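Colleague: Just so it is clear, I am handing over coords03.pdb, which has PDB, C-alpha atoms.
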ATOM      1  CA  MET Q1379      -0.335 -24.834 -24.997
ATOM      2  CA  SER Q1380      -1.117 -27.295 -22.215
ATOM      3  CA  GLN Q1381      -3.174 -26.293 -19.189
ATOM      4  CA  ASP Q1382      -0.138 -26.690 -16.910
ATOM      5  CA  GLU Q1383       1.998 -24.539 -19.198
ATOM      6  CA  PHE Q1384      -0.745 -21.900 -19.336
ATOM      7  CA  LYS Q1385      -0.961 -21.807 -15.525
ATOM      8  CA  ARG Q1386       2.816 -21.578 -15.212
ATOM      9  CA  ARG Q1387       3.026 -18.653 -17.611
ATOM     10  CA  LEU Q1388       0.111 -16.906 -15.910
ATOM     11  CA  ARG Q1389       1.820 -17.372 -12.538
ATOM     12  CA  ASP Q1390       5.153 -16.108 -13.891
ATOM     13  CA  ASP Q1391       3.448 -13.007 -15.276
ATOM     14  CA  LEU Q1392       1.867 -12.297 -11.893
ATOM     15  CA  LEU Q1393       5.167 -12.759 -10.071
ATOM     16  CA  ASP Q1394       6.908 -10.489 -12.559
ATOM     17  CA  GLY Q1395       4.549  -7.733 -11.505
ATOM     18  CA  TYR Q1396       5.747  -8.128  -7.927
ATOM     19  CA  ASP Q1397       9.395  -7.988  -8.934
ATOM     20  CA  GLU Q1398       9.272  -4.233  -9.411
ATOM     21  CA  GLU Q1399       8.187  -3.887  -5.814
ATOM     22  CA  LEU Q1400      11.037  -6.146  -4.738
ATOM     23  CA  GLU Q1401      13.550  -4.096  -6.741
ATOM     24  CA  MET Q1402      12.487  -0.950  -4.901
ATOM     25  CA  GLU Q1403      12.592  -2.899  -1.660
ATOM     26  CA  LEU Q1404      16.319  -3.543  -2.199
ATOM     27  CA  GLU Q1405      16.950   0.183  -1.813
ATOM     28  CA  ASP Q1406      15.364   0.098   1.626
ATOM     29  CA  ARG Q1407      17.383  -2.977   2.622
ATOM     30  CA  ASN Q1408      20.602  -1.080   1.850
ATOM     31  CA  ILE Q1409      19.461   1.765   4.105
ATOM     32  CA  ASP Q1410      18.524  -0.705   6.844
ATOM     33  CA  GLN Q1411      21.908  -2.401   6.661
ATOM     34  CA  MET Q1412      23.709   0.934   6.960
ATOM     35  CA  ALA Q1413      21.648   1.657  10.062
ATOM     36  CA  GLY Q1414      22.732  -1.643  11.628
ATOM     37  CA  VAL Q1415      19.452  -3.517  11.205
ATOM     38  CA  LEU Q1416      19.798  -7.305  10.899
ATOM     39  CA  THR Q1417      17.939  -7.691   7.616
ATOM     40  CA  GLU Q1418      17.990 -11.482   7.716
ATOM     41  CA  SER Q1419      16.533 -11.820  11.203
ATOM     42  CA  ASP Q1420      13.163 -13.471  11.758
ATOM     43  CA  GLU Q1421      11.784 -10.199  13.087
ATOM     44  CA  TYR Q1422      12.857  -8.342   9.969
ATOM     45  CA  ARG Q1423      11.344 -10.977   7.678
ATOM     46  CA  ARG Q1424       8.048 -10.877   9.575
ATOM     47  CA  ALA Q1425       7.950  -7.078   9.407
ATOM     48  CA  ARG Q1426       8.721  -7.178   5.694
ATOM     49  CA  HIS Q1427       5.937  -9.706   5.133
ATOM     50  CA  ARG Q1428       3.460  -7.468   6.989
ATOM     51  CA  TYR Q1429       4.613  -4.481   4.955
ATOM     52  CA  PHE Q1430       4.034  -6.158   1.605
ATOM     53  CA  ARG Q1431       0.708  -7.620   2.698
ATOM     54  CA  GLU Q1432      -0.577  -4.193   3.754
ATOM     55  CA  LEU Q1433       0.923  -2.424   0.755
ATOM     56  CA  PHE Q1434      -0.766  -4.739  -1.736
ATOM     57  CA  ARG Q1435      -4.054  -4.404   0.150
ATOM     58  CA  LEU Q1436      -3.839  -0.604   0.109
ATOM     59  CA  GLN Q1437      -2.890  -0.571  -3.562
ATOM     60  CA  GLY Q1438      -6.015  -2.603  -4.240
ATOM     61  CA  GLU Q1439      -8.021   0.123  -2.506
ATOM     62  CA  LEU Q1440      -6.229   2.770  -4.566
ATOM     63  CA  VAL Q1441      -7.479   1.023  -7.711
ATOM     64  CA  LYS Q1442     -11.030   1.252  -6.340
ATOM     65  CA  LEU Q1443     -10.451   4.935  -5.548
ATOM     66  CA  GLN Q1444      -9.179   5.533  -9.076
ATOM     67  CA  ASP Q1445     -12.227   3.876 -10.623
ATOM     68  CA  TRP Q1446     -14.559   5.915  -8.407
ATOM     69  CA  ILE Q1447     -12.818   9.189  -9.303
ATOM     70  CA  ALA Q1448     -13.007   8.359 -13.005
ATOM     71  CA  ALA Q1449     -16.682   7.367 -12.747
ATOM     72  CA  THR Q1450     -17.762  10.397 -10.686
ATOM     73  CA  LYS Q1451     -15.529  12.893 -12.546
ATOM     74  CA  ARG Q1452     -13.974  14.099  -9.304
ATOM     75  CA  LYS Q1453     -10.847  16.270  -9.448
ATOM     76  CA  VAL Q1454      -8.085  15.528  -6.940
ATOM     77  CA  VAL Q1455      -4.770  17.301  -6.307
ATOM     78  CA  ILE Q1456      -2.247  15.916  -3.824
ATOM     79  CA  LEU Q1457       0.855  17.885  -2.847
ATOM     80  CA  PHE Q1458       3.954  16.118  -1.513
ATOM     81  CA  GLU Q1459       6.407  18.350   0.297
ATOM     82  CA  GLY Q1460       9.291  17.720   2.674
ATOM     83  CA  ARG Q1461      13.030  17.910   3.033
ATOM     84  CA  ASP Q1462      15.346  16.302   0.514
ATOM     85  CA  ALA Q1463      15.466  12.500   1.004
ATOM     86  CA  ALA Q1464      12.280  12.578   3.114
ATOM     87  CA  GLY Q1465      10.684   9.788   1.055
ATOM     88  CA  LYS Q1466       8.227  11.719  -1.110
ATOM     89  CA  GLY Q1467       9.291   9.925  -4.278
ATOM     90  CA  GLY Q1468       8.947   6.513  -2.650
ATOM     91  CA  VAL Q1469       5.343   7.004  -1.600
ATOM     92  CA  ILE Q1470       4.452   8.550  -4.978
ATOM     93  CA  LYS Q1471       5.851   5.429  -6.691
ATOM     94  CA  ARG Q1472       3.759   3.151  -4.495
ATOM     95  CA  ILE Q1473       0.594   5.191  -5.111
ATOM     96  CA  THR Q1474       0.963   5.283  -8.887
ATOM     97  CA  GLN Q1475       2.491   1.823  -9.348
ATOM     98  CA  ARG Q1476      -0.764   0.009 -10.181
ATOM     99  CA  LEU Q1477      -2.888   2.933 -11.376
ATOM    100  CA  ASN Q1478      -3.823   4.066 -14.864
ATOM    101  CA  PRO Q1479      -1.479   6.909 -15.925
ATOM    102  CA  ARG Q1480      -4.365   8.421 -17.893
ATOM    103  CA  VAL Q1481      -6.229   8.891 -14.617
ATOM    104  CA  CYS Q1482      -3.370   9.451 -12.162
ATOM    105  CA  ARG Q1483      -0.306  11.434 -13.206
ATOM    106  CA  VAL Q1484       2.713  12.946 -11.482
ATOM    107  CA  VAL Q1485       3.879  16.535 -11.955
ATOM    108  CA  ALA Q1486       7.496  17.311 -11.035
ATOM    109  CA  LEU Q1487       8.388  20.667 -12.548
ATOM    110  CA  PRO Q1488      11.987  21.784 -13.080
ATOM    111  CA  ALA Q1489      13.284  25.186 -12.012
ATOM    112  CA  PRO Q1490      11.431  28.007 -13.812
ATOM    113  CA  ASN Q1491      12.977  29.324 -17.007
ATOM    114  CA  ASP Q1492      13.532  33.010 -17.731
ATOM    115  CA  ARG Q1493      10.054  33.465 -19.196
ATOM    116  CA  GLU Q1494       8.316  31.672 -16.331
ATOM    117  CA  LYS Q1495      10.127  33.851 -13.808
ATOM    118  CA  THR Q1496       8.207  36.843 -15.189
ATOM    119  CA  GLN Q1497       4.790  35.149 -14.955
ATOM    120  CA  TRP Q1498       2.282  35.246 -12.138
ATOM    121  CA  TYR Q1499       3.828  32.836  -9.671
ATOM    122  CA  PHE Q1500       1.056  30.224  -9.825
ATOM    123  CA  GLN Q1501       0.685  30.425 -13.603
ATOM    124  CA  ARG Q1502       2.969  27.524 -14.515
ATOM    125  CA  TYR Q1503       1.168  25.196 -12.107
ATOM    126  CA  VAL Q1504      -2.357  25.909 -13.367
ATOM    127  CA  PRO Q1505      -2.050  23.990 -16.705
ATOM    128  CA  HIS Q1506      -1.266  20.834 -14.744
ATOM    129  CA  LEU Q1507      -4.421  20.905 -12.632
ATOM    130  CA  PRO Q1508      -6.823  17.992 -13.180
ATOM    131  CA  ALA Q1509      -9.951  17.803 -15.279
ATOM    132  CA  GLY Q1510     -12.894  15.716 -14.146
ATOM    133  CA  GLY Q1511     -11.940  12.109 -13.431
ATOM    134  CA  GLU Q1512      -8.252  12.820 -12.832
ATOM    135  CA  ILE Q1513      -5.764  12.689  -9.951
ATOM    136  CA  VAL Q1514      -2.634  14.851 -10.046
ATOM    137  CA  LEU Q1515       0.272  14.268  -7.652
ATOM    138  CA  PHE Q1516       2.665  17.200  -7.321
ATOM    139  CA  ASP Q1517       6.176  16.064  -6.400
ATOM    140  CA  ARG Q1518       6.933  19.457  -4.892
ATOM    141  CA  SER Q1519       4.588  22.262  -5.771
ATOM    142  CA  TRP Q1520       3.986  25.986  -5.480
ATOM    143  CA  TYR Q1521       5.342  25.665  -1.932
ATOM    144  CA  ASN Q1522       8.830  25.817  -3.438
ATOM    145  CA  ARG Q1523       8.557  29.542  -2.810
ATOM    146  CA  ALA Q1524       8.131  29.076   0.932
ATOM    147  CA  GLY Q1525      10.953  26.514   1.071
ATOM    148  CA  VAL Q1526      13.890  26.273  -1.281
ATOM    149  CA  GLU Q1527      13.366  29.681  -2.929
ATOM    150  CA  ARG Q1528      13.231  31.399   0.423
ATOM    151  CA  VAL Q1529      16.180  29.587   2.004
ATOM    152  CA  MET Q1530      18.401  29.831  -1.071
ATOM    153  CA  GLY Q1531      17.563  33.467  -1.743
ATOM    154  CA  PHE Q1532      15.815  32.859  -5.077
ATOM    155  CA  CYS Q1533      12.955  35.186  -4.173
ATOM    156  CA  THR Q1534      12.741  38.553  -2.434
ATOM    157  CA  GLU Q1535      11.088  39.180   0.907
ATOM    158  CA  ASP Q1536       8.300  41.054  -0.905
ATOM    159  CA  GLU Q1537       7.725  38.073  -3.237
ATOM    160  CA  LEU Q1538       7.648  35.715  -0.258
ATOM    161  CA  GLU Q1539       5.160  37.867   1.618
ATOM    162  CA  GLU Q1540       2.962  38.137  -1.477
ATOM    163  CA  PHE Q1541       3.026  34.343  -1.727
ATOM    164  CA  PHE Q1542       1.822  33.970   1.852
ATOM    165  CA  ARG Q1543      -0.970  36.501   1.199
ATOM    166  CA  THR Q1544      -2.007  34.852  -2.053
ATOM    167  CA  VAL Q1545      -1.699  31.101  -1.540
ATOM    168  CA  PRO Q1546      -4.678  30.730   0.845
ATOM    169  CA  GLU Q1547      -6.923  32.529  -1.650
ATOM    170  CA  PHE Q1548      -5.500  30.518  -4.549
ATOM    171  CA  GLU Q1549      -6.189  27.249  -2.754
ATOM    172  CA  LYS Q1550      -9.679  28.360  -1.718
ATOM    173  CA  MET Q1551     -10.392  29.067  -5.390
ATOM    174  CA  LEU Q1552      -9.264  25.558  -6.315
ATOM    175  CA  VAL Q1553     -11.519  24.021  -3.679
ATOM    176  CA  ARG Q1554     -14.503  26.162  -4.722
ATOM    177  CA  SER Q1555     -13.971  24.980  -8.294
ATOM    178  CA  GLY Q1556     -14.539  21.399  -7.134
ATOM    179  CA  ILE Q1557     -10.931  20.279  -6.655
ATOM    180  CA  VAL Q1558     -10.126  18.158  -3.621
ATOM    181  CA  LEU Q1559      -6.774  19.494  -2.388
ATOM    182  CA  ILE Q1560      -4.689  17.353  -0.022
ATOM    183  CA  LYS Q1561      -1.300  18.540   1.283
ATOM    184  CA  TYR Q1562       1.324  16.262   2.852
ATOM    185  CA  TRP Q1563       4.554  17.254   4.576
ATOM    186  CA  PHE Q1564       7.040  14.392   5.068
ATOM    187  CA  SER Q1565       8.947  14.962   8.283
ATOM    188  CA  ILE Q1566      12.321  13.316   8.989
ATOM    189  CA  SER Q1567      14.903  13.861  11.692
ATOM    190  CA  ASP Q1568      18.338  15.370  11.284
ATOM    191  CA  ASP Q1569      20.044  11.997  11.806
ATOM    192  CA  GLU Q1570      17.781  10.196   9.327
ATOM    193  CA  GLN Q1571      18.423  12.696   6.547
ATOM    194  CA  HIS Q1572      22.156  12.424   7.222
ATOM    195  CA  LEU Q1573      21.951   8.636   6.869
ATOM    196  CA  ARG Q1574      19.952   8.789   3.637
ATOM    197  CA  PHE Q1575      22.354  11.277   2.099
ATOM    198  CA  LEU Q1576      25.244   8.940   2.907
ATOM    199  CA  GLY Q1577      23.314   6.133   1.231
ATOM    200  CA  ARG Q1578      23.011   8.205  -1.928
ATOM    201  CA  ILE Q1579      26.663   9.216  -1.887
ATOM    202  CA  HIS Q1580      27.863   5.599  -1.710
ATOM    203  CA  ASP Q1581      25.329   4.087  -4.125
ATOM    204  CA  PRO Q1582      26.146   4.702  -7.832
ATOM    205  CA  LEU Q1583      22.488   4.087  -8.711
ATOM    206  CA  LYS Q1584      21.366   6.915  -6.438
ATOM    207  CA  GLN Q1585      24.077   9.521  -6.891
ATOM    208  CA  TRP Q1586      21.995  11.288  -9.545
ATOM    209  CA  LYS Q1587      19.559  12.169  -6.743
ATOM    210  CA  LEU Q1588      22.167  14.371  -5.063
ATOM    211  CA  SER Q1589      22.298  17.842  -6.594
ATOM    212  CA  PRO Q1590      24.417  20.738  -5.309
ATOM    213  CA  MET Q1591      21.126  22.180  -4.017
ATOM    214  CA  ASP Q1592      20.523  19.021  -1.971
ATOM    215  CA  LEU Q1593      23.961  19.216  -0.390
ATOM    216  CA  GLU Q1594      23.454  22.879   0.429
ATOM    217  CA  SER Q1595      20.095  22.079   1.999
ATOM    218  CA  ARG Q1596      21.886  19.721   4.360
ATOM    219  CA  ARG Q1597      24.125  22.544   5.540
ATOM    220  CA  ARG Q1598      21.121  24.821   6.019
ATOM    221  CA  TRP Q1599      19.030  22.363   8.029
ATOM    222  CA  GLU Q1600      18.006  24.975  10.619
ATOM    223  CA  ASP Q1601      17.047  27.534   7.968
ATOM    224  CA  TYR Q1602      14.776  24.970   6.340
ATOM    225  CA  THR Q1603      13.253  24.141   9.725
ATOM    226  CA  ARG Q1604      12.359  27.779  10.374
ATOM    227  CA  ALA Q1605      10.962  28.142   6.846
ATOM    228  CA  LYS Q1606       8.882  24.970   7.210
ATOM    229  CA  GLU Q1607       7.436  26.041  10.541
ATOM    230  CA  GLU Q1608       6.294  29.410   9.198
ATOM    231  CA  MET Q1609       4.935  27.821   6.023
ATOM    232  CA  LEU Q1610       2.792  25.329   7.945
ATOM    233  CA  HIS Q1611       1.588  28.030  10.323
ATOM    234  CA  ARG Q1612       0.561  30.500   7.624
ATOM    235  CA  THR Q1613      -0.905  28.116   5.038
ATOM    236  CA  HIS Q1614      -2.762  25.578   7.212
ATOM    237  CA  ILE Q1615      -6.326  26.521   6.272
ATOM    238  CA  PRO Q1616      -9.628  24.669   6.853
ATOM    239  CA  GLU Q1617     -10.230  24.306   3.113
ATOM    240  CA  ALA Q1618      -6.806  22.705   2.571
ATOM    241  CA  PRO Q1619      -5.080  21.715   5.808
ATOM    242  CA  TRP Q1620      -1.582  20.305   6.058
ATOM    243  CA  TRP Q1621      -1.061  16.693   7.070
ATOM    244  CA  VAL Q1622       2.361  15.815   8.547
ATOM    245  CA  VAL Q1623       3.685  12.307   7.848
ATOM    246  CA  PRO Q1624       6.391  11.081  10.275
ATOM    247  CA  ALA Q1625       8.829   9.557   7.782
ATOM    248  CA  ASP Q1626      11.915   8.270   9.607
ATOM    249  CA  ASP Q1627      10.547   4.767   8.952
ATOM    250  CA  LYS Q1628      10.040   4.767   5.186
ATOM    251  CA  LYS Q1629       7.786   1.714   5.050
ATOM    252  CA  LYS Q1630       5.469   2.928   7.792
ATOM    253  CA  ALA Q1631       5.355   6.374   6.203
ATOM    254  CA  ARG Q1632       4.181   4.889   2.899
ATOM    255  CA  LEU Q1633       1.492   2.757   4.479
ATOM    256  CA  ASN Q1634       0.279   5.527   6.778
ATOM    257  CA  CYS Q1635       0.162   8.112   4.003
ATOM    258  CA  ILE Q1636      -1.739   5.857   1.588
ATOM    259  CA  SER Q1637      -4.142   4.770   4.331
ATOM    260  CA  HIS Q1638      -4.795   8.402   5.268
ATOM    261  CA  LEU Q1639      -5.248   9.411   1.637
ATOM    262  CA  LEU Q1640      -7.894   6.735   1.143
ATOM    263  CA  GLY Q1641      -9.757   8.131   4.143
ATOM    264  CA  GLN Q1642      -9.961  11.621   2.641
ATOM    265  CA  LEU Q1643     -12.430  10.651  -0.088
ATOM    266  CA  PRO Q1644     -15.828   8.916   0.236
ATOM    267  CA  TYR Q1645     -15.053   6.440  -2.530
ATOM    268  CA  GLN Q1646     -17.017   3.292  -3.211
ATOM    269  CA  GLU Q1647     -16.232   0.284  -5.332
ATOM    270  CA  VAL Q1648     -17.516   0.798  -8.856
ATOM    271  CA  GLU Q1649     -19.180  -2.250 -10.323
ATOM    272  CA  ARG Q1650     -17.493  -3.402 -13.506
ATOM    273  CA  PRO Q1651     -19.287  -5.345 -16.233
ATOM    274  CA  GLU Q1652     -18.143  -8.922 -16.582
ATOM    275  CA  VAL Q1653     -15.261  -9.158 -19.036
ATOM    276  CA  VAL Q1654     -15.540 -11.902 -21.636
ATOM    277  CA  LEU Q1655     -12.544 -12.479 -23.863
ATOM    278  CA  PRO Q1656     -13.771 -12.850 -27.448
ATOM    279  CA  ALA Q1657     -12.508 -15.708 -29.586
ATOM    280  CA  ARG Q1658      -9.805 -14.709 -32.037
ATOM    281  CA  GLU Q1659     -10.912 -14.653 -35.636
ATOM    282  CA  ARG Q1660      -8.898 -16.819 -38.014
ATOM    283  CA  HIS Q1661      -8.805 -16.506 -41.782
ATOM    284  CA  GLU Q1662      -7.384 -19.091 -44.150
ATOM    285  CA  ASP Q1663      -5.850 -16.452 -46.420
ATOM    286  CA  TYR Q1664      -3.897 -14.785 -43.566
ATOM    287  CA  VAL Q1665      -0.151 -15.454 -43.527
ATOM    288  CA  ARG Q1666       2.076 -13.949 -40.881
ATOM    289  CA  HIS Q1667       5.304 -12.718 -42.460
ATOM    290  CA  PRO Q1668       8.579 -13.319 -40.635
ATOM    291  CA  VAL Q1669      10.454 -10.335 -39.195
ATOM    292  CA  PRO Q1670      13.825  -9.751 -40.923
ATOM    293  CA  ALA Q1671      16.685 -10.922 -38.738
ATOM    294  CA  SER Q1672      18.332  -7.487 -39.057
ATOM    295  CA  MET Q1673      15.441  -5.956 -37.132
ATOM    296  CA  ILE Q1674      15.548  -8.332 -34.158
ATOM    297  CA  VAL Q1675      17.026  -7.041 -30.908
ATOM    298  CA  PRO Q1676      20.070  -9.226 -30.066
ATOM    299  CA  GLN Q1677      19.154 -11.891 -27.487
ATOM    300  CA  VAL Q1678      21.987 -11.159 -25.082
ATOM    301  CA  PHE Q1679      20.102 -12.540 -22.062
TER     302      PHE Q1679
END
Mind turning the file's structure into structure tokens?

Modeller:
Amino acid sequence: MSQDEFKRRLRDDLLDGYDEELEMELEDRNIDQMAGVLTESDEYRRARHRYFRELFRLQGELVKLQDWIAATKRKVVILFEGRDAAGKGGVIKRITQRLNPRVCRVVALPAPNDREKTQWYFQRYVPHLPAGGEIVLFDRSWYNRAGVERVMGFCTEDELEEFFRTVPEFEKMLVRSGIVLIKYWFSISDDEQHLRFLGRIHDPLKQWKLSPMDLESRRRWEDYTRAKEEMLHRTHIPEAPWWVVPADDKKKARLNCISHLLGQLPYQEVERPEVVLPARERHEDYVRHPVPASMIVPQVF
């Protein structure tokens, strides 16, 4: 392979890594267009350039944070809560996009089954807590009880009150055990949620995100507001305070959340040993056998 060909292929591989970010960006452009933003204006292009520049910079810092957590055996739990369509999934994608899934993993539990409903409420979350050198992101968490379960009537008043009595002690136990617990609430306005729901309804690639529970949550906006306000009031403790992320602007919310997250831990860049690629061994008696044509995936593209 020539030097020019090698450089071209290396460049193409690098650009391919950015394409995933651009694919996710297309979702935001659709939302912007629905809101009447001129996505081809010079101002929009400049803002988009700033967004990507800052995002890639912050993701580079997240890699340093990951290496530091792995090296120091820290244990980190991050909770992401908020209304439906508030942007939790988007920021989680950007955090994990360039990290090692063996170090940083996402937990998004389904509704409890019949057996889990009889357990201690926090029991099904405990197995997912991190060991040393791990980061766990909860895409919704034990705060389901104070939100959807309360509003939709899936728990009793006694169960809700027991949750509020127990959760501060549970979280204090986690912190005493050495876990760093960070809690984010993504806050969006009534109009913004309405717009994002319309985007999901009219986009075949997003319709799977709309469950009957999501639609019902839209109708019960005020009930969710009251539940959220009490939840924040009763569970905002010094050991694990809540942090509210204004999220009407999805891009700013991502950058602000990641920037804030990086500031919650005293990480330092971990020195890596110089990597030297060893020469490939070659043996005269080695013959690479061809793959049978019947096993090859058809080259449609």

Colleague: When the PyMOL selection byres ((chain Q and resi 1541) around 12) is applied to the file above, which residues end up in the set, as a VMD selection string?

Modeller: chain Q and resid 1498 to 1500 1520 to 1525 1527 to 1528 1533 to 1540 1542 to 1549 1609 1612 to 1613

Colleague: When distances are computed from all atoms listed in the file, which of Q:Arg1632, Q:Arg1435, Q:Arg1658, Q:Lys1451 shows the smallest separation from Q:Arg1472?

Modeller: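 When distances to Q:Arg1472 are compared using all atoms listed in the file, the smallest one comes from Q:Arg1632.
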
Colleague: Which neighbours of stretch 1595-1600 of chain Q fall inside 9 Å, counting all atoms listed in the file, when residues of the same chain fewer than 3 positions from it are skipped, and could you give them as a JSON list (two decimals) with C-alpha atoms, in the frame of the given file?

Modeller:
[["chain", "number", "residue", "atom", "x", "y", "z"],
["Q", 1461, "ARG", "CA", 13.03, 17.91, 3.03],
["Q", 1462, "ASP", "CA", 15.35, 16.30, 0.51],
["Q", 1526, "VAL", "CA", 13.89, 26.27, -1.28],
["Q", 1529, "VAL", "CA", 16.18, 29.59, 2.00],
["Q", 1530, "MET", "CA", 18.40, 29.83, -1.07],
["Q", 1568, "ASP", "CA", 18.34, 15.37, 11.28],
["Q", 1571, "GLN", "CA", 18.42, 12.70, 6.55],
["Q", 1572, "HIS", "CA", 22.16, 12.42, 7.22],
["Q", 1575, "PHE", "CA", 22.35, 11.28, 2.10],
["Q", 1590, "PRO", "CA", 24.42, 20.74, -5.31],
["Q", 1591, "MET", "CA", 21.13, 22.18, -4.02],
["Q", 1592, "ASP", "CA", 20.52, 19.02, -1.97],
["Q", 1603, "THR", "CA", 13.25, 24.14, 9.72],
["Q", 1604, "ARG", "CA", 12.36, 27.78, 10.37],
["Q", 1605, "ALA", "CA", 10.96, 28.14, 6.85]]

Colleague: Considering only C-alpha atoms, return as a PDB file with C-alpha atoms, in the frame of the given file whatever protein or nucleic-acid residues lie within 12 Å of Q:Arg1476, sequence-local ones (same chain, fewer than 2 positions apart) excluded.

Modeller:
ATOM      1  CA  GLY Q1395       4.549  -7.733 -11.505  1.00  0.00           C
ATOM      2  CA  TYR Q1396       5.747  -8.128  -7.927  1.00  0.00           C
ATOM      3  CA  GLU Q1398       9.272  -4.233  -9.411  1.00  0.00           C
ATOM      4  CA  GLU Q1399       8.187  -3.887  -5.814  1.00  0.00           C
ATOM      5  CA  LEU Q1433       0.923  -2.424   0.755  1.00  0.00           C
ATOM      6  CA  PHE Q1434      -0.766  -4.739  -1.736  1.00  0.00           C
ATOM      7  CA  ARG Q1435      -4.054  -4.404   0.150  1.00  0.00           C
ATOM      8  CA  LEU Q1436      -3.839  -0.604   0.109  1.00  0.00           C
ATOM      9  CA  GLN Q1437      -2.890  -0.571  -3.562  1.00  0.00           C
ATOM     10  CA  GLY Q1438      -6.015  -2.603  -4.240  1.00  0.00           C
ATOM     11  CA  GLU Q1439      -8.021   0.123  -2.506  1.00  0.00           C
ATOM     12  CA  LEU Q1440      -6.229   2.770  -4.566  1.00  0.00           C
ATOM     13  CA  VAL Q1441      -7.479   1.023  -7.711  1.00  0.00           C
ATOM     14  CA  LYS Q1442     -11.030   1.252  -6.340  1.00  0.00           C
ATOM     15  CA  LEU Q1443     -10.451   4.935  -5.548  1.00  0.00           C
ATOM     16  CA  GLN Q1444      -9.179   5.533  -9.076  1.00  0.00           C
ATOM     17  CA  ILE Q1470       4.452   8.550  -4.978  1.00  0.00           C
ATOM     18  CA  LYS Q1471       5.851   5.429  -6.691  1.00  0.00           C
ATOM     19  CA  ARG Q1472       3.759   3.151  -4.495  1.00  0.00           C
ATOM     20  CA  ILE Q1473       0.594   5.191  -5.111  1.00  0.00           C
ATOM     21  CA  THR Q1474       0.963   5.283  -8.887  1.00  0.00           C
ATOM     22  CA  ASN Q1478      -3.823   4.066 -14.864  1.00  0.00           C
ATOM     23  CA  PRO Q1479      -1.479   6.909 -15.925  1.00  0.00           C
ATOM     24  CA  ARG Q1480      -4.365   8.421 -17.893  1.00  0.00           C
ATOM     25  CA  VAL Q1481      -6.229   8.891 -14.617  1.00  0.00           C
ATOM     26  CA  CYS Q1482      -3.370   9.451 -12.162  1.00  0.00           C
ATOM     27  CA  ARG Q1483      -0.306  11.434 -13.206  1.00  0.00           C
TER      28      ARG Q1483
END

Colleague: So how far away is atom CA of Q:Lys1466 from atom CA of Q:Phe1532, in Å?

Modeller: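 Straight-line distance from atom CA of Q:Phe1532 to atom CA of Q:Lys1466 works out to 22.8 Å.
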
Colleague: Hey, can you check how far atom CA of Q:Ile1566 sits from atom CA of Q:Asp1626?

Modeller: 5.1 Å

Colleague: Work out how far apart atom CA of Q:Val1454 and atom CA of Q:Leu1610 are and give it in Å to one decimal.

Modeller: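 Spanning atom CA of Q:Val1454 to atom CA of Q:Leu1610 is a straight-line distance of 20.9 Å.
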
Colleague: So that all listed atoms of stretch 1477-1486 of chain Q fit with 4 Å spare on each side, what axis-aligned box centre and edge lengths in Å, to one decimal, would you give as JSON?

Modeller:
{"center_x": 0.6, "center_y": 10.1, "center_z": -14.5, "size_x": 21.7, "size_y": 22.4, "size_z": 14.9}

Colleague: Applied to the shown file, which residues does the PyMOL selection byres ((chain Q and resi 1588) around 12) return, written as a ChimeraX atom specification?

Modeller: /Q:1462-1463,1574-1587,1589-1596

Colleague: Find the residue from Q:Leu1559, Q:Val1469, Q:Val1553, Q:Met1379 that sits nearest to Q:Leu1457; use all atoms listed in the file when measuring.

Modeller: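 Closest candidate: Q:Leu1559.
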
Colleague: Can you give me, as number ranges by chain, the residues this file yields under the PyMOL selection byres ((chain Q and resi 1649) around 12)?

Modeller: Q: 1442, 1445-1446, 1449, 1646-1648, 1650-1653

Colleague: Select, from Q:Leu1552, Q:Leu1655, Q:Ile1447, Q:Ile1456, the residue with the minimum atom-to-atom distance to Q:Val1504, counting all atoms listed in the file.

Modeller: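 Nearest candidate to Q:Val1504 out of Q:Leu1552, Q:Leu1655, Q:Ile1447, Q:Ile1456: Q:Leu1552.
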
Colleague: Set the distance at 8 Å and use only C-alpha atoms: which residues neighbour Q:Val1623 once local chain neighbours fewer than 4 positions away are removed? I'd like the list as a count of residues only.

Modeller: 7

Colleague: Which residues are close to Q:Ala1448, i.e. within 8 Å by all atoms listed in the file, leaving aside same-chain residues fewer than 5 positions away? Reply as JSON, numbers by chain.

Modeller: {"Q": [1481, 1510, 1511, 1512]}
